[in-house]
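Beneath this line is the structure, given in structure tokens, with notes to follow.
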Amino acid sequence: MALVYAFDFPHDAPPRALSELLGGKGANLAEMTSVLQLPVPPGFTITTDACREYLASGWPSGLDAEVAAHVERLELVLGRRLGDARDPLLISVRSGAKFSMPGMMDTVLNLGLNDRAVEGLAARTGDERFALDSYRRLVSMYGRIVLGVPADSFDRQLDEVMARAGVGDDRQLSPEALADVVQAHLRAVEDFTGEPFPQDPATQLRGAIEAVFRSWLAPRAVRYRRREQIPDDLGTAVNVQAMVFGNRGEDSGTGVAFTRDPSTGEPEPYGDFLVNAQGEDVVAGTRNTLPLAAMAERFPSQHAELLDIFDRLERHYRDMLDTEFTIEQGTLWMLQVRVGKRTGAAALRIAVDLTTDQRLRLSPREAILRVRPEHLDQVLHPHLQRTRAALLGTGVPASPGAAVGHAYFDPDRAADAADRGERVVLVRPETSPEDVHGMIAAEGILTSRGGMASHAAVVARGWGKPAVCGAESLSVGPDSFTTADGTVVHEGDTISIDGSTGAIYLGEVGLVETEPPPELEVVLGWADELRAGRLGVRANADTPDDAARARAFGAEGIGLCRTEHMFLGERLPVVRRMVLADTPDEEAAALAELLEVQRADFVELLETMDGLPVTVRLLDPPLHEFLPSVEELLVQQARGLLPPEGEALLAAASRWREQNPMLGTRGVRLGIVKAGLYRMQVRALVEATLARRDVGGDPKVEVMIPLVSTLAELELTRRWVLDEVAQVAGERAGELGILVGTMIETPRAALLAGELAEVAEFFSFGTNDLTQMTFGFSRDDVAPVLERYLEEGLLSVDPFASIDESGVGELVRTAVERGRRTRSGLRTGVCGEHGGDPRSIAFFESIGIDYVSCSPFRVPGARLAAAQSVVSRAGV
């Protein structure tokens with residue numbers, strides 16, 4: 001198979017369907033060229049196959065010859081040659097992975113220039129300044145990206161020449177000054193590498209291609225893939241394309257634009273534009289941009305042509321799109337198109353609008369695929385309260401939502417602070433891909449430069465993080481920023497930002513929940529219709545407030561009520577008395593006290609969820625959560641501060657102390673050791689059920705026995721449950737309809753699911769513990785190991801984040817199949833963290849799980865993800 005394809009190659013399938021081979025950028029460039037016949041500068045794509053081969057074993061055999069043949073074809077088409085001293089062809093080299101990774105990998109522009117070709121470019125264009133500016137950009141970009149020269153070397157040299165020339169903008173530099181910059185840059189390359197800047201265009205091209213390949217493994221790209229759950233084995237394509245120049249003068253320009261507003265979904269084009277600039281100037285945020293509407297005044301015919309192209313693109317792709325374009329001396333060129341990242345509010349509006357747009361007429365089945373579950377999370381995020389706090393300034397409202405935190409000006413320090421538990425707002429002049437770890441750690445992002453299409457804005461919107469960009473009145477330094485009125489905000493000071501309005505405040509402003517847009521219920525209504533009879537969605541909730549929120553968000557019941565959460569706080573001393581009791585009477589007294597509060601809890605919970613199923617998990621704490629710290633008691637003893645009852649407490653706590661509490665006396669084991677505990681909980685639950693029925697309620701109760709590994713454990717504890725139901729309810733026991741099931745949390749239980757189904761009426765999969773025990777990982781401590789395993793490719797995904805590719809999913813599949821062979825009506829649910837993960841939800845739907853359960857705020861996203869799985873599996 002070929003390793004290189006021209007944009008106009010006649011593929012057997014539509015090029016945009018070949019992103020696995022051509023990468024997203026290459027596939028769409030080919031689609032615009034060969035299918036839509038839009039004005040795209042010619043070029044070719046080096047496939048992801050070549051990248052994977054390079055990363056595995058070095059430069060692929062035959063790649064040199066294929067690249068040379070395509071370069072020759074490009075030269076014939078354009079009538080210019082790379083490196084020609086009279087009329088040079090210049091090319092760009094850009095990355096393009098299957099999934100969009102904005103700014104994470106490398107780009108080299110103006111490739112093909114050298115000391116002789118720059119003179120030819122100046123002669124051909126009649127513009128010495130343009131030629132020298134292009135050359136200095138190449139030397140700087142190539143030196144930094146390919147040769148590893150520190151970027152500040154070039155930045156410092158440019159600043160020094162600008163200072164000597166007395167100008168504040170590089171566009172104001174004379175040809176003589178630019179020649180000085182070029183020579184300084186060339187010296188910086190030779191000083192750093194020991195070799196002169198490469199003059200041979202073929203050498204330049206090979207170096208740029210290798211740099212793009214290597215950038216797939218750059219730390220920033222790896223971190224981004226972790227955040228987005230993009231597999232590490234995809235590799236990136238490389239796109240080599242003839243350069244067009246937006247920096248040819250006042251009749252040229254460049255821009256990044258969306259076919260609809262990516263922040264609000266307003267059906268009007270939105271973007272940033274610069275006159276006499278190259279595309280990197282827009283996305284880097286180094287120059288403050290003009291709104292796209294300003295292009296209509298400066299370039300009316302090209303603006304009209306661009307809007308016509310937007311219409312054609314939306315009709316073709318049937319979605320909101322993100323584009324890059326350049327005007328070179330009056331001629332419009334399209335450089336990229338991709339499905340645009342958008343905020344949650346915009347995603348919902350666009351999905352609904354596309355079903356009524358007469359040009360597109362999407363069906364609801366298609367429309368829900370335009371919304372991601374994370375978008376629903378975003379619209380449920382809080383916003384700032386009305387405040388009289390000092391307004392520090394305003395910027396572009398680049399990504400909605402609000403964030404409050406300590407200002408940090410360095411991504412490393414921001415990440416460290418977040419690790420310490422601080423809330424962080426990352427403040428930068430502009431962000432770059434090197435900042436991604438700080439962006440991940442931050443609650444929100446604030447920059448003094450850049451616009452809606454800047455790196456900070458694009459990444460923040462994709463992640464649902466609030467961001468304010470282009471706050472020009474702020475002067476941002478290495479550890480503080482100064483406002484227009486002279487206020488100085490130092491690192492560690494608290495600030496509040498509003499990504500919906502662009503406002504920046506000093507101090508902590510209160511956060512309030514947002515009012516979801518009306519399109520939310522429309523989209524969720526479609527989702528519920530499409531998943532009807534398939535995967536249900538419940539919530540993990542332990543309090544009436546959580547239950548009410550879950551019900552408001554569309555939960556179809558409670559899939560997991562963790563009763564141990566009811567025993568913390570002021571009730572903890574009572575639980576300790578029960579666990580540490582030395583006599584049956586002491587234990588009975590503590591259990592009687594707990595019975596009263598437990599019954600009241602269950603009454604409230606069942607009232608809130610009236611008519612919907614509530615699955616109550618009997619107590620499942622690691623025992624250490626309920627015990628006093630032996631270490632603290634020993635310290636008190638050593639200091640003579642142990643209270644009179646302390647000696648008995650220390651002796652009891654030492655007796656129950658465990659080396660590995662997560663594998664110790666918890667779940668069903670605690671219930672067996674403290675036999676009265678589960679009986680008390682069931683009695684409280686039955687009494688609460690009867691109380692609700694007596695007042696006309698419709699409680700639907702399910703009892704779940706946790707951490708079962710053997711049939712004998714389940715038979716014993718199930719018998720206790722049924723005995724208590726019979727004793728408390730008497731003749732009414734049958735009308736209560738209480739189900740008894742178990743939680744599958746150990747590999748043994750999954751493999752013996754056929755036996756367990758003989759007595760269990762339902763299974764609920766606790767995928768957190770199932771993952772821990774399958775891998776032998778402690779979720780609390782495994783982060784450094786997982787990071788290394790993912791880097792080395794020993795794991796393709798974090799098993800705690802997504803279950804379908806980890807192997808744990810196969811245990812769940814096995815348990816479902818074996819359980820249903822024994823009990824055909826066995827109901828199955830998932831209540832671990834995977835229950836809210838969209839990729840895991842698709843897996844659960846595909847194997848016939850009846851419901852997933854997740855936190856209340858993730859319920860809307862789970863409803864959508866379940867419907868999307870149904871639609872996708874139907875082939876839409």
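Chain labels follow the order of the structure tokens: the first chain is A, the next B, and so on; residue numbering restarts at 1 in every chain, and ligands are counted from 1 in their shown order.
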
Next on the checklist: Please identify the helix (DSSP H, G or I) residues within range 511-715 of chain A (assignment by DSSP from backbone atoms) and present them as a PyMOL selection string.
Outcome noted: chain A and resi 519-531+544-552+563-567+569-579+584-608+623-626+630-638+646-656+661-663+668-673+675-694+711-715

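Comparing the minimum interatomic distances between Ser432 in chain A and each of A:Met104, A:Arg214, A:Ala208, A:Phe310, counting only C-alpha atoms, we find that A:Met104 sits nearest.
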
Checklist entry - Nearest to Leu38 in chain A among A:Arg312, A:Thr355, A:Leu132, A:Asn276, with distances taken over only C-alpha atoms: which residue is it? => result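 Of all the options, A:Arg312 lies closest to Leu38 in chain A.
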
Checklist entry - Expressed in Å to a single decimal, how great is the separation between CA of Arg86 in chain A and CA of Glu250 in chain A? => result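 That distance, rounded to one decimal, is 24.5 Å.
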
Next on the checklist: Residues near Phe192 in chain A, anyone? I mean within 9 Å using only C-alpha atoms, not counting same-chain ones fewer than 2 positions away, as a count of residues only.
Outcome noted: 10

Checklist entry - Counting only C-alpha atoms, which of A:Ser215, A:Gln378, A:Ser473, A:Ser654 gets nearest to Met105 in chain A? => result A:Ser215

Residues near Thr494 in chain A, cut-off 10 Å, only C-alpha atoms, skip fewer than 3 positions along chain, as a PDB file with C-alpha atoms, in the first residue's frame:
```pdb
ATOM      1  CA  VAL A 404     -12.917  30.637  41.178  1.00  0.00           C
ATOM      2  CA  GLY A 405      -9.387  29.890  42.313  1.00  0.00           C
ATOM      3  CA  HIS A 406      -5.894  31.031  43.125  1.00  0.00           C
ATOM      4  CA  ALA A 407      -4.115  32.712  40.240  1.00  0.00           C
ATOM      5  CA  TYR A 408      -1.091  30.770  38.993  1.00  0.00           C
ATOM      6  CA  ARG A 423      -8.519  25.492  43.193  1.00  0.00           C
ATOM      7  CA  VAL A 424      -6.468  27.066  40.417  1.00  0.00           C
ATOM      8  CA  VAL A 425      -7.041  29.605  37.651  1.00  0.00           C
ATOM      9  CA  VAL A 489      -2.735  40.552  41.424  1.00  0.00           C
ATOM     10  CA  HIS A 490       0.006  38.271  42.718  1.00  0.00           C
ATOM     11  CA  GLU A 491       0.374  34.523  42.394  1.00  0.00           C
ATOM     12  CA  TYR A 505     -13.101  39.794  39.414  1.00  0.00           C
ATOM     13  CA  LEU A 506     -10.789  40.130  42.383  1.00  0.00           C
ATOM     14  CA  GLY A 507     -11.522  37.706  45.195  1.00  0.00           C
ATOM     15  CA  GLU A 508     -13.970  34.853  45.539  1.00  0.00           C
ATOM     16  CA  VAL A 509     -17.385  35.368  43.972  1.00  0.00           C
TER      17      VAL A 509
END
```

Which residues of range 103-180 of chain A have any atom within 12 Å of an atom in range 286-297 of chain A when counting only C-alpha atoms, and what is the closest pair of atoms for each, with the distance in Å to one decimal? Order the rows by chain and rising number and write it as JSON lines.
```
{"residue": "A:Asp155", "atom": "CA", "partner": "A:Thr286", "partner_atom": "CA", "distance": 11.7}
{"residue": "A:Gly168", "atom": "CA", "partner": "A:Arg287", "partner_atom": "CA", "distance": 11.4}
{"residue": "A:Asp169", "atom": "CA", "partner": "A:Arg287", "partner_atom": "CA", "distance": 9.1}
{"residue": "A:Asp170", "atom": "CA", "partner": "A:Arg287", "partner_atom": "CA", "distance": 10.3}
{"residue": "A:Arg171", "atom": "CA", "partner": "A:Arg287", "partner_atom": "CA", "distance": 10.9}
```

Checklist outcome for this item: Of A:Leu736, A:Ala548, A:Leu826, A:Val396, the one sitting nearest Glu607 in chain A when using only C-alpha atoms is A:Ala548

Item to check | Per-residue DSSP, range 278-425 of chain A, filtered to strand (DSSP E), as a ChimeraX atom specification | outcome: /A:290-291,321-328,331-339,382-384,391-394,396-399,402-408,424-425

Checklist entry - Using only C-alpha atoms, which of the listed residues (A:Met320, A:Leu663, A:Leu670, A:Ala6) sits closest to Ser34 in chain A? => result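 Among the listed residues, the smallest separation from Ser34 in chain A belongs to A:Ala6.
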
Next on the checklist: Quick check, in Å to one decimal: how far apart do CA of Pro400 in chain A and CA of Leu360 in chain A lie?
Outcome noted: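 About the pair CA of Pro400 in chain A and CA of Leu360 in chain A: they are 27.4 Å apart.
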
Interface rows for range 573-637 of chain A against range 551-561 of chain A: nearest pair, Å to one decimal, 7 Å, only C-alpha atoms, as a tab-separated table:
```
residue	atom	partner	partner_atom	distance
A:Met609	CA	A:Gly557	CA	6.8
A:Leu612	CA	A:Gly557	CA	4.9
A:Pro613	CA	A:Gly557	CA	4.9
A:Val614	CA	A:Ile558	CA	4.6
A:Thr615	CA	A:Gly559	CA	5.2
A:Val616	CA	A:Cys561	CA	4.8
A:Arg617	CA	A:Cys561	CA	5.8
```

Give me the range 666-740 of chain A side of the contact with range 758-782 of chain A, cut-off 10 Å, one line per residue showing its nearest atom pair and distance in Å at one decimal, counting only C-alpha atoms, sorted by chain and residue number, as a Markdown table.
```
| residue | atom | partner | partner_atom | distance |
| --- | --- | --- | --- | --- |
| A:Glu702 | CA | A:Phe762 | CA | 8.9 |
| A:Val703 | CA | A:Phe762 | CA | 9.6 |
| A:Met704 | CA | A:Ser764 | CA | 7.9 |
| A:Ile705 | CA | A:Ala760 | CA | 9.5 |
| A:Pro706 | CA | A:Gly766 | CA | 8.9 |
| A:Leu707 | CA | A:Gly766 | CA | 8.8 |
| A:Leu711 | CA | A:Val759 | CA | 8.3 |
| A:Leu714 | CA | A:Val759 | CA | 7.5 |
| A:Glu715 | CA | A:Val759 | CA | 6.8 |
| A:Arg718 | CA | A:Val759 | CA | 8.0 |
| A:Arg719 | CA | A:Val759 | CA | 9.9 |
| A:Leu739 | CA | A:Glu761 | CA | 6.4 |
| A:Val740 | CA | A:Glu761 | CA | 5.8 |
```

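Between CA of Glu374 in chain A and CA of Val797 in chain A the separation is 18.8 Å.
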
Checklist entry - Residues at most 9 Å from Leu186 in chain A, counting only C-alpha atoms, excluding those fewer than 3 positions away in the same chain, as an MDAnalysis selection string? => result chainID A and resid 136 139:140 143 181:183 189:191 196:197

Item to check | Residue contacts of Arg338 in chain A (12 Å, only C-alpha atoms) excluding same-chain residues fewer than 4 positions away, as a ChimeraX atom specification | outcome: /A:16,19,23-29,31-32,96-102,256-259,310,313-314,316-324,334

Just the selected residues (N, CA, C and O atoms), exported as a CSV table (one decimal), in the first residue's frame, please.
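Printed below is out-v3.csv as written:
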```csv
chain,number,residue,atom,x,y,z
A,16,ARG,N,-13.2,11.8,3.3
A,16,ARG,CA,-13.5,12.1,4.7
A,16,ARG,C,-13.7,10.9,5.5
A,16,ARG,O,-13.7,11.0,6.8
A,19,SER,N,-10.1,8.9,7.6
A,19,SER,CA,-9.3,9.6,8.6
A,19,SER,C,-8.4,8.7,9.3
A,19,SER,O,-7.3,9.1,9.8
A,23,GLY,N,-5.6,10.8,8.4
A,23,GLY,CA,-5.7,11.7,9.5
A,23,GLY,C,-6.9,12.7,9.1
A,23,GLY,O,-7.4,12.8,8.0
A,24,GLY,N,-7.4,13.3,10.2
A,24,GLY,CA,-8.6,14.2,9.9
A,24,GLY,C,-8.3,15.3,9.0
A,24,GLY,O,-9.1,15.6,8.1
A,25,LYS,N,-7.2,16.0,9.1
A,25,LYS,CA,-6.9,17.1,8.3
A,25,LYS,C,-6.7,16.7,6.8
A,25,LYS,O,-7.3,17.3,5.9
A,26,GLY,N,-5.9,15.6,6.6
A,26,GLY,CA,-5.7,15.1,5.3
A,26,GLY,C,-6.9,14.6,4.6
A,26,GLY,O,-7.2,14.9,3.4
A,27,ALA,N,-7.8,13.9,5.4
A,27,ALA,CA,-9.0,13.4,4.8
A,27,ALA,C,-9.9,14.6,4.3
A,27,ALA,O,-10.5,14.5,3.3
A,28,ASN,N,-10.0,15.6,5.1
A,28,ASN,CA,-10.9,16.8,4.8
A,28,ASN,C,-10.3,17.6,3.7
A,28,ASN,O,-11.0,18.2,2.9
A,29,LEU,N,-9.0,17.8,3.6
A,29,LEU,CA,-8.3,18.5,2.5
A,29,LEU,C,-8.6,17.7,1.2
A,29,LEU,O,-8.9,18.3,0.2
A,31,GLU,N,-11.2,15.8,0.7
A,31,GLU,CA,-12.6,15.9,0.4
A,31,GLU,C,-12.9,17.2,-0.2
A,31,GLU,O,-13.7,17.3,-1.2
A,32,MET,N,-12.3,18.3,0.3
A,32,MET,CA,-12.6,19.6,-0.3
A,32,MET,C,-12.0,19.7,-1.7
A,32,MET,O,-12.6,20.4,-2.6
A,96,GLY,N,-1.7,15.9,11.4
A,96,GLY,CA,-3.2,15.7,11.2
A,96,GLY,C,-3.6,14.3,11.6
A,96,GLY,O,-3.6,13.4,10.8
A,97,ALA,N,-3.9,14.2,12.9
A,97,ALA,CA,-4.3,12.9,13.5
A,97,ALA,C,-5.7,12.5,13.1
A,97,ALA,O,-6.5,13.4,12.7
A,98,LYS,N,-6.1,11.3,13.4
A,98,LYS,CA,-7.5,10.9,13.1
A,98,LYS,C,-8.5,11.8,13.9
A,98,LYS,O,-9.5,12.2,13.4
A,99,PHE,N,-8.1,12.0,15.2
A,99,PHE,CA,-9.0,12.9,16.0
A,99,PHE,C,-8.3,14.2,16.2
A,99,PHE,O,-7.1,14.3,16.3
A,100,SER,N,-9.1,15.3,16.2
A,100,SER,CA,-8.6,16.6,16.3
A,100,SER,C,-7.9,16.8,17.6
A,100,SER,O,-8.4,16.5,18.7
A,101,MET,N,-6.6,17.3,17.5
A,101,MET,CA,-5.8,17.6,18.7
A,101,MET,C,-5.2,19.0,18.6
A,101,MET,O,-4.1,19.1,18.3
A,102,PRO,N,-6.0,20.0,18.7
A,102,PRO,CA,-5.6,21.4,18.3
A,102,PRO,C,-4.4,21.8,19.0
A,102,PRO,O,-4.3,21.9,20.2
A,256,VAL,N,-9.5,32.3,11.0
A,256,VAL,CA,-10.0,31.0,11.5
A,256,VAL,C,-11.5,31.3,11.7
A,256,VAL,O,-11.8,32.3,12.4
A,257,ALA,N,-12.4,30.5,11.2
A,257,ALA,CA,-13.8,30.9,11.3
A,257,ALA,C,-14.7,29.6,11.4
A,257,ALA,O,-14.3,28.6,10.9
A,258,PHE,N,-15.8,29.8,12.1
A,258,PHE,CA,-16.8,28.7,12.3
A,258,PHE,C,-18.0,29.1,11.5
A,258,PHE,O,-18.4,30.3,11.4
A,259,THR,N,-18.7,28.1,11.0
A,259,THR,CA,-19.9,28.3,10.2
A,259,THR,C,-21.0,28.8,11.1
A,259,THR,O,-22.0,29.3,10.6
A,310,PHE,N,-19.1,28.3,3.1
A,310,PHE,CA,-19.6,27.8,4.4
A,310,PHE,C,-20.9,27.1,4.1
A,310,PHE,O,-21.2,26.0,4.7
A,313,LEU,N,-20.2,23.7,2.6
A,313,LEU,CA,-19.6,22.8,3.5
A,313,LEU,C,-20.7,22.3,4.5
A,313,LEU,O,-20.7,21.1,4.8
A,314,GLU,N,-21.6,23.2,5.0
A,314,GLU,CA,-22.6,22.7,6.0
A,314,GLU,C,-23.5,21.7,5.3
A,314,GLU,O,-24.0,20.7,5.9
A,316,HIS,N,-22.8,19.7,2.9
A,316,HIS,CA,-22.1,18.5,2.7
A,316,HIS,C,-21.8,17.7,4.0
A,316,HIS,O,-22.1,16.5,4.0
A,317,TYR,N,-21.3,18.4,5.0
A,317,TYR,CA,-21.0,17.7,6.2
A,317,TYR,C,-22.1,17.6,7.2
A,317,TYR,O,-22.1,16.9,8.2
A,318,ARG,N,-23.2,18.5,7.0
A,318,ARG,CA,-24.4,18.5,7.8
A,318,ARG,C,-24.0,18.7,9.3
A,318,ARG,O,-24.5,18.0,10.2
A,319,ASP,N,-23.2,19.7,9.5
A,319,ASP,CA,-22.8,20.0,10.9
A,319,ASP,C,-22.2,21.4,10.9
A,319,ASP,O,-21.9,22.0,9.9
A,320,MET,N,-21.9,21.9,12.1
A,320,MET,CA,-21.2,23.2,12.3
A,320,MET,C,-19.7,22.8,12.1
A,320,MET,O,-19.2,21.8,12.6
A,321,LEU,N,-19.0,23.7,11.3
A,321,LEU,CA,-17.6,23.4,10.9
A,321,LEU,C,-16.7,24.5,11.4
A,321,LEU,O,-17.0,25.7,11.5
A,322,ASP,N,-15.4,24.1,11.5
A,322,ASP,CA,-14.3,25.0,11.9
A,322,ASP,C,-13.4,25.0,10.7
A,322,ASP,O,-13.0,24.0,10.1
A,323,THR,N,-13.1,26.2,10.2
A,323,THR,CA,-12.3,26.4,9.0
A,323,THR,C,-11.1,27.3,9.2
A,323,THR,O,-11.1,28.1,10.1
A,324,GLU,N,-10.1,27.1,8.3
A,324,GLU,CA,-9.0,28.0,8.2
A,324,GLU,C,-8.9,28.5,6.8
A,324,GLU,O,-9.1,27.7,5.9
A,334,MET,N,-8.9,27.9,0.8
A,334,MET,CA,-9.3,27.1,2.0
A,334,MET,C,-8.2,26.2,2.5
A,334,MET,O,-7.7,25.4,1.7
```

Next on the checklist: Applying 6 Å and only C-alpha atoms, which residues near range 342-352 of chain A remain after dropping the ones on its own chain fewer than 4 positions away? List them as JSON, numbers by chain.
Outcome noted: {"A": [262, 263, 264, 265, 367, 370, 371, 375, 376, 378, 379, 461, 519]}
